[in-house]
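One structure is given below, encoded as structure tokens.
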Amino acid sequence: MRISARGTYLTPARLAWMTAALAAVLGLSLVGAALLGPVHVSLARALAGGDASPDRVILFRTRLPRVLLASVVGGSLGASGAALQGLLGNPLACPHVLGISGGAAVAGVVALVAGADAVSPLVPLAAFCGALASIAIVSGAARARGRTTPHAVLLVGVVFNALAAAVLMLVNALVSYTQAQGVLFWMMGSLSTQSYGLIAGSAVYSVVGLGWLVLHAHDLNLLTAGEEGAQQLGVDVERTRRSVFVASSLLVGAAVSMSGMIGFVGLIVPHLLRLILGPDHRLLLPASFLGGAAFLVWADTIARTVLAPAELPVGVVTALAGGPFFIFLLRRSLRRSVA
Amino acid sequence: MSRHALVLALLVAGCGGAPTPPPAGPPARVVSLAPSATEIVYALGAGARLVGVCGQCDRPAEVAQVPRVGGYLAPSVEATLAVRPDLVIAVPSPGNREAVRAIERAGVRVLVVRDRTLGDLWDSIPALAGALGIPEAGDGLVTDLRQRLDGVRARLAGVTPRRVLVVVDHNPLVVVGGGTLQDELITIAGGTNVVRDVGSAWPTITLELVVARAPEVIVDAGMGDEGSARGLFAGLTTVPAVRDGRIVRLRDDAFFRAGPRVADAAVALADAIHPGVLAPEGASREAPPG
Amino acid sequence: MIEAERLSFAYDRGPVLADVSLTVAAGELVGVIGPNGGGKTTLVRLLSGVLAPDAGVVRLDGRPLAAYRRRDLARRLAVVPQDPTLEFPFTALEVVLMGRAPHLAALGFPRAGDVEIARVAMARLGVAEVEDRPLDHLSGGERQRVLLARALAQEPAVLLLDEPTTHLDLRHQVGIYDVVHELARARGVAVVSVLHDLNLAALYCDRLLLLAGGRVVRQGPPAEVLDAGTLSVAYATDVQVTVNPVTGAPVVLPTR
């Protein structure tokens, strides 16, 4: 299937164009989503009124921080999903399915229970370590199987997620969540926030992680020739693996510590973008960041408007979209490997 | 050969054939599988008859001596049957249905009471009292509680009700909705629940809804710590509760139990919503300074 | 110029190569032949530096492989593998451009000259028309030619091929080896190719290395190595060797 957005090979010009286009889509999404919600808000009133205007408070204290957080988290998940798919050579990979979000969440909860303050950088740091540990274990399982089945990795991820869920429930029962946030926050995700400071901090981790990944984007391309093939083309495979792992952990750790586990963003967005834009990671990585951001902004908008005035956890919306999509992809992949 | 037949016959008899008929006279060995039911039993004066309670039963203090038979969500059928009860009291919970059915099939009398609303409470107490053979105690308890609640209502009769939001969990933001005992208590305590119409008993809402509904008092009944509710709503300056510093902690777990302490809960809530209006009745509450 | 000095290697399951030595000068085309499981692919992996030998050393232009940095090595030595992994649908041109990677900076964007080199390589191998088709939409033969084009685009001094013609019909087999032969002669590339087709080997290779049971059975010009007795023992099957009336090269014929 050839779509004209593809071109024959990637040039810096095309990269710039596509990134700008996606950034514009994200920008429009931010504005649109900020104006939508269970409560009707008028932009005019919000800008005109002073601090006493509820419209202004809603827009700038609740909606705007929320959509900004959604973009940082969605972008982090999208980019790390694309990188993991490239590194593991498995288009079904994503931080949630592989149990990496689960590992990050458990580590974050442990940090909170151990006494860390909810806003201290210890929590994202712990989440980062949890994500890294999970990636190491999962990829160890992947390599043990060599290049045979990518599905073995998914099985390890399922087990990991079950384990993470069990630990979260256990902590919830034991600690009676004085500081550990509720189990619902970790397991279904929540983008509710007011703090621009926290969002900025999270954004720093994400941008660093993304930048690091992009530096290795070409290596990820070459890795599609296989580990040996990539080595023969001059890639330091071990260093690339380590870098991608650490950068992905940074992204996933930052996302999960801010918003709990939100699944499937890292699966759906890179996959769809790869169909449209091609598999070149130099474009796919930044595109997955921007696309993931827009995706989560809209998913969150649906989550907070479809049952208005009540709110659905955003993880429910992404799972309802992502679950069937994942099954569809899995079936296609199984059919191809049997054929 | 005959010894084997005897063993076999005993086994068959023991495997729950026909249910044994209830013993004559009021039940002497009672198991309670819910904390609210346990409190009612003690309030009716029948606490001595309890031979087993669920793990979460923590009031009154004497209940600590009673053996545990599993949890409120997951009672242990074996442990319950092992204490040979005449009567098992259960409140429907997500998860205990199968266990309760199993206990019934083993031939033990089970009384199921509900605890969602005040109406449920006025039904459960007489039902329990009747099953325990002490209907007068039940009527007495009901009358007493109703009187005290009416008293609270009366003392607040002249006071303008305040718009109230009661928060149960912070992130996601879970609040008390309509159709619950807690919602009724809010009304009795001189409040109007700003999210009564949202649709479910414990809805999750967005911060912007809090701004839109503009409650005058926010009661934090969650299990978090002191400052977290204030931090949660800090930037929402147009909300009267935030502006005037009326974010109050309600730590008393009586608020969540449909039991004999509902009147205490109503008083505590009234103190939180209208501080100082009620003469001090020793409720546990904390208000922010100033 | 590449040389292997007394290489030995064992996988977990057992020894695969023992005491193998080989020298290939610039402009030479050396064929590696032998029965399955004889160690041919392992030899290629050792020569390319992907595996490290248990004993012995591989030298490129006099320096051991370990002394080269990975990118420098990739600029001098290219490998055409047997079996491409295909998880992601890069187009043929994108794949060939990957061959330029060792010569490019971190993000690997090709300059105009690089695209030219890639296209010329594809034209020589007759896959120019499929440049914008994803790899999984190509036939097995086209895929192999794309991989060879990628190796050509690397502009190596040494080229290693692991059975590059398995999926190809006769015309394309000959076509490939014409290109490879010309590379050796005209460009002075040192080429080592693993082959199954003994007659193709006889036609194109300057020298042959017969590998069986992990050891070098015979090494030398085709006429010398392709000896009926030697081959019958190595391949455990009876063969006859005659001479091609047109080219004068030896022709190996299995007998029933």
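Naming scheme: A, B, ... for chains in displayed order of the structure tokens; residues 1 onward per chain; ligands 1 onward as shown.
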What are the closest atom pairs, with distances in Å to one decimal, for all residues of chain A lying within 6 Å of chain C? Consider only C-alpha atoms, order rows by chain and residue number, and present the result as a tab-separated table.
```
residue	atom	partner	partner_atom	distance
A:Thr8	CA	C:Asp132	CA	5.4
A:Tyr9	CA	C:Glu94	CA	5.7
A:His218	CA	C:Leu107	CA	5.5
A:Ala225	CA	C:Thr85	CA	6.0
A:Gln232	CA	C:Ala74	CA	5.7
A:Leu233	CA	C:Ala74	CA	5.2
A:Gly234	CA	C:Arg71	CA	4.2
```
Taking C-alpha atoms for each residue, export the selection above as an mmCIF file, in the first residue's frame.
```
data_model
loop_
_atom_site.group_PDB
_atom_site.id
_atom_site.type_symbol
_atom_site.label_atom_id
_atom_site.label_comp_id
_atom_site.auth_asym_id
_atom_site.auth_seq_id
_atom_site.Cartn_x
_atom_site.Cartn_y
_atom_site.Cartn_z
ATOM 1 C CA THR A 8 10.751 7.243 -1.581
ATOM 2 C CA TYR A 9 13.141 8.223 1.161
ATOM 3 C CA HIS A 218 18.862 6.013 12.254
ATOM 4 C CA ALA A 225 18.359 -5.500 9.045
ATOM 5 C CA GLN A 232 27.812 -4.949 9.708
ATOM 6 C CA LEU A 233 26.497 -1.531 8.748
ATOM 7 C CA GLY A 234 28.437 0.052 11.579
#
```
### Task
May I ask you to extract the residues of chain A within 10 Å of chain B, using only C-alpha atoms, and to give them as a count of residues only?
49
### Query
Can you list, as an MDAnalysis selection string, every protein, DNA or RNA residue that comes within 12 Å of C:Pro64 when you count only C-alpha atoms, leaving out same-chain residues fewer than 2 positions away?
chainID C and resid 1:5 46:49 52:53 56:62 66:69 73
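When the distance limit is 8 Å and only C-alpha atoms are what count, the residues near C:Pro254, minus those fewer than 3 positions from it on the same chain, are Thr237, Asp238, Val239 and Gln240 of chain C.
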### Task
Using DSSP on the backbone coordinates, identify all residues within stretch 133-231 of chain B classified as alpha helix (DSSP H); present the result as a VMD selection string.
chain B and resid 135 to 155 181 to 188 207 to 213 228 to 231
Expected file contents, prior selection, C-alpha atoms, as a compact mmCIF listing (two decimals), in the first residue's frame:
```txt
# COMPACT_ATOMS: atom_id res chain seq x y z
CA PRO B 135 -38.19 -6.38 68.90
CA GLU B 136 -38.64 -3.77 71.65
CA ALA B 137 -34.92 -3.01 71.64
CA GLY B 138 -35.15 -2.48 67.90
CA ASP B 139 -38.03 -0.08 68.15
CA GLY B 140 -36.27 1.75 70.94
CA LEU B 141 -33.10 2.18 68.91
CA VAL B 142 -34.97 3.39 65.86
CA THR B 143 -36.96 5.90 67.89
CA ASP B 144 -33.85 7.20 69.60
CA LEU B 145 -31.94 7.64 66.36
CA ARG B 146 -34.83 9.30 64.59
CA GLN B 147 -35.29 11.68 67.48
CA ARG B 148 -31.67 12.69 67.45
CA LEU B 149 -31.68 13.22 63.71
CA ASP B 150 -34.86 15.28 63.97
CA GLY B 151 -33.14 17.25 66.68
CA VAL B 152 -30.28 18.12 64.39
CA ARG B 153 -32.68 19.03 61.63
CA ALA B 154 -34.67 21.23 63.99
CA ARG B 155 -31.70 23.10 65.33
CA LEU B 181 -27.35 7.60 53.06
CA GLN B 182 -24.53 10.13 52.99
CA ASP B 183 -26.55 12.38 50.71
CA GLU B 184 -29.47 12.23 53.15
CA LEU B 185 -27.14 13.13 56.01
CA ILE B 186 -25.98 16.17 54.09
CA THR B 187 -29.54 17.39 53.86
CA ILE B 188 -30.20 16.73 57.53
CA LEU B 207 -12.36 19.90 38.80
CA GLU B 208 -14.20 22.18 36.43
CA LEU B 209 -17.49 20.84 37.70
CA VAL B 210 -16.47 21.91 41.18
CA VAL B 211 -15.91 25.41 39.83
CA ALA B 212 -19.23 25.37 38.03
CA ARG B 213 -21.22 24.14 41.02
CA SER B 228 -4.10 17.26 50.44
CA ALA B 229 -7.69 18.42 49.94
CA ARG B 230 -6.65 22.02 50.28
CA GLY B 231 -3.88 21.45 47.80
```
### Message
With only C-alpha atoms as the counted atoms, please give the residues lying no more than 9 Å from stretch 173-187 of chain C, apart from itself and same-chain residues fewer than 4 positions off, as an MDAnalysis selection string.
### Response
chainID C and resid 26:29 124:126 145 148 152 157 159 164:169 191 200 204:205
#### Entry: Polymer residues at most 8 Å from stretch 256-268 of chain B, only C-alpha atoms, same-chain spacing of 2 or more positions, as a PyMOL selection string
chain B and resi 35-37+39-40+43+115-118+121+141+145+148-149+152+181-182+185-186+188-189+250+252-254+270-272+278+281+283-285
Once DSSP has gone over the backbone, tell me which residues of stretch 43-190 of chain B are in strand (DSSP E or B), as a tab-separated table (two decimals) with N, CA and C atoms, in the first residue's frame.
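Result went into out08.tsv, see below:
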```tsv
chain	number	residue	atom	x	y	z
B	50	LEU	N	-22.57	-12.59	69.85
B	50	LEU	CA	-21.74	-12.69	68.65
B	50	LEU	C	-20.62	-13.71	68.86
B	51	VAL	N	-20.58	-14.69	67.99
B	51	VAL	CA	-19.51	-15.70	68.06
B	51	VAL	C	-18.55	-15.56	66.88
B	52	GLY	N	-18.86	-14.67	65.95
B	52	GLY	CA	-17.94	-14.47	64.82
B	52	GLY	C	-18.30	-13.17	64.11
B	53	VAL	N	-17.27	-12.41	63.71
B	53	VAL	CA	-17.51	-11.17	62.98
B	53	VAL	C	-16.52	-11.07	61.81
B	68	ARG	N	-12.63	-13.74	64.24
B	68	ARG	CA	-12.88	-13.24	62.87
B	68	ARG	C	-13.22	-14.42	61.95
B	70	GLY	N	-13.38	-14.02	58.37
B	70	GLY	CA	-13.20	-13.62	56.98
B	70	GLY	C	-13.49	-12.14	56.81
B	75	PRO	N	-16.12	-13.19	52.85
B	75	PRO	CA	-16.21	-13.96	54.09
B	75	PRO	C	-15.80	-15.40	53.86
B	87	LEU	N	-27.54	-17.93	63.53
B	87	LEU	CA	-27.99	-16.85	62.65
B	87	LEU	C	-26.77	-16.15	62.07
B	88	VAL	N	-26.81	-15.93	60.78
B	88	VAL	CA	-25.74	-15.17	60.12
B	88	VAL	C	-26.37	-13.93	59.51
B	89	ILE	N	-25.78	-12.77	59.83
B	89	ILE	CA	-26.29	-11.52	59.27
B	89	ILE	C	-25.34	-11.06	58.18
B	90	ALA	N	-25.88	-10.71	57.01
B	90	ALA	CA	-25.04	-10.29	55.90
B	90	ALA	C	-25.61	-9.04	55.24
B	109	ARG	N	-29.42	-20.27	59.12
B	109	ARG	CA	-30.35	-19.19	58.82
B	109	ARG	C	-29.57	-17.91	58.54
B	110	VAL	N	-29.90	-17.29	57.41
B	110	VAL	CA	-29.19	-16.07	57.02
B	110	VAL	C	-30.18	-14.93	56.92
B	111	LEU	N	-29.82	-13.81	57.52
B	111	LEU	CA	-30.65	-12.62	57.39
B	111	LEU	C	-29.86	-11.58	56.60
B	112	VAL	N	-30.45	-11.15	55.50
B	112	VAL	CA	-29.76	-10.16	54.67
B	112	VAL	C	-30.41	-8.80	54.89
B	162	ARG	N	-26.38	25.37	53.26
B	162	ARG	CA	-25.20	25.73	52.46
B	162	ARG	C	-24.96	24.70	51.36
B	163	ARG	N	-24.39	25.17	50.25
B	163	ARG	CA	-24.07	24.27	49.13
B	163	ARG	C	-22.81	23.48	49.51
B	164	VAL	N	-22.94	22.18	49.46
B	164	VAL	CA	-21.88	21.32	50.01
B	164	VAL	C	-21.40	20.33	48.96
B	165	LEU	N	-20.10	20.08	49.00
B	165	LEU	CA	-19.53	18.99	48.21
B	165	LEU	C	-18.77	18.09	49.18
B	166	VAL	N	-19.08	16.80	49.18
B	166	VAL	CA	-18.36	15.89	50.05
B	166	VAL	C	-17.45	15.02	49.20
B	167	VAL	N	-16.16	15.10	49.49
B	167	VAL	CA	-15.14	14.42	48.68
B	167	VAL	C	-14.71	13.13	49.36
B	168	VAL	N	-14.63	12.07	48.57
B	168	VAL	CA	-14.26	10.78	49.14
B	168	VAL	C	-12.86	10.35	48.70
B	169	ASP	N	-12.47	10.74	47.51
B	169	ASP	CA	-11.14	10.38	47.03
B	169	ASP	C	-10.63	11.53	46.18
B	173	LEU	N	-11.21	12.29	41.31
B	173	LEU	CA	-12.03	13.01	42.28
B	173	LEU	C	-13.38	12.31	42.43
B	174	VAL	N	-13.50	11.52	43.50
B	174	VAL	CA	-14.74	10.79	43.76
B	174	VAL	C	-15.50	11.53	44.85
B	175	VAL	N	-16.80	11.73	44.63
B	175	VAL	CA	-17.61	12.51	45.57
B	175	VAL	C	-18.89	11.77	45.92
```
### Task
Might you pull out every residue within 8 Å of C:Ala10, with only C-alpha atoms counted and same-chain residues fewer than 6 positions away left off, and present them as a list in words?
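What passes the distance filter is Val16, Leu17 and Asp54 of chain C.
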Would you mind exporting C-alpha atoms of the selected residues as a PDB file, in the first residue's frame?
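New file out11.pdb:
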```pdb
ATOM      1  CA  VAL C  16      32.108 -25.938  14.022  1.00  0.00           C
ATOM      2  CA  LEU C  17      35.400 -24.781  12.576  1.00  0.00           C
ATOM      3  CA  ASP C  54      37.928 -19.040  19.826  1.00  0.00           C
TER       4      ASP C  54
END
```
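For the choices B:Leu156, B:Ala221, B:Leu269, B:Arg196, the atom-to-atom distance to B:Arg251 is smallest for B:Ala221 when using only C-alpha atoms.
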### Query
Please, what distance in Å, to one decimal, runs between atom CA of B:Val113 and atom CA of B:Pro60?
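Separation between atom CA of B:Val113 and atom CA of B:Pro60: 19.7 Å.
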### Task
Quick one: pull the distance between atom CA of A:Cys94 and atom CA of A:Ala299, Å, one decimal.
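Separating atom CA of A:Cys94 from atom CA of A:Ala299 is a distance of 17.5 Å.
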## Note on the structure
Residue with the minimum atom-to-atom distance to C:Gly248, picked from C:Val225, C:Met122, C:Ala202, C:Leu65 with only C-alpha atoms counted, is C:Ala202
### Task
Compare B:Asp86, B:Asp123, B:Glu216, B:Glu62 by their minimum atom-to-atom distance to B:Val30, counting only C-alpha atoms, and give me the closest one.
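Nearest candidate to B:Val30 out of B:Asp86, B:Asp123, B:Glu216, B:Glu62: B:Asp86.
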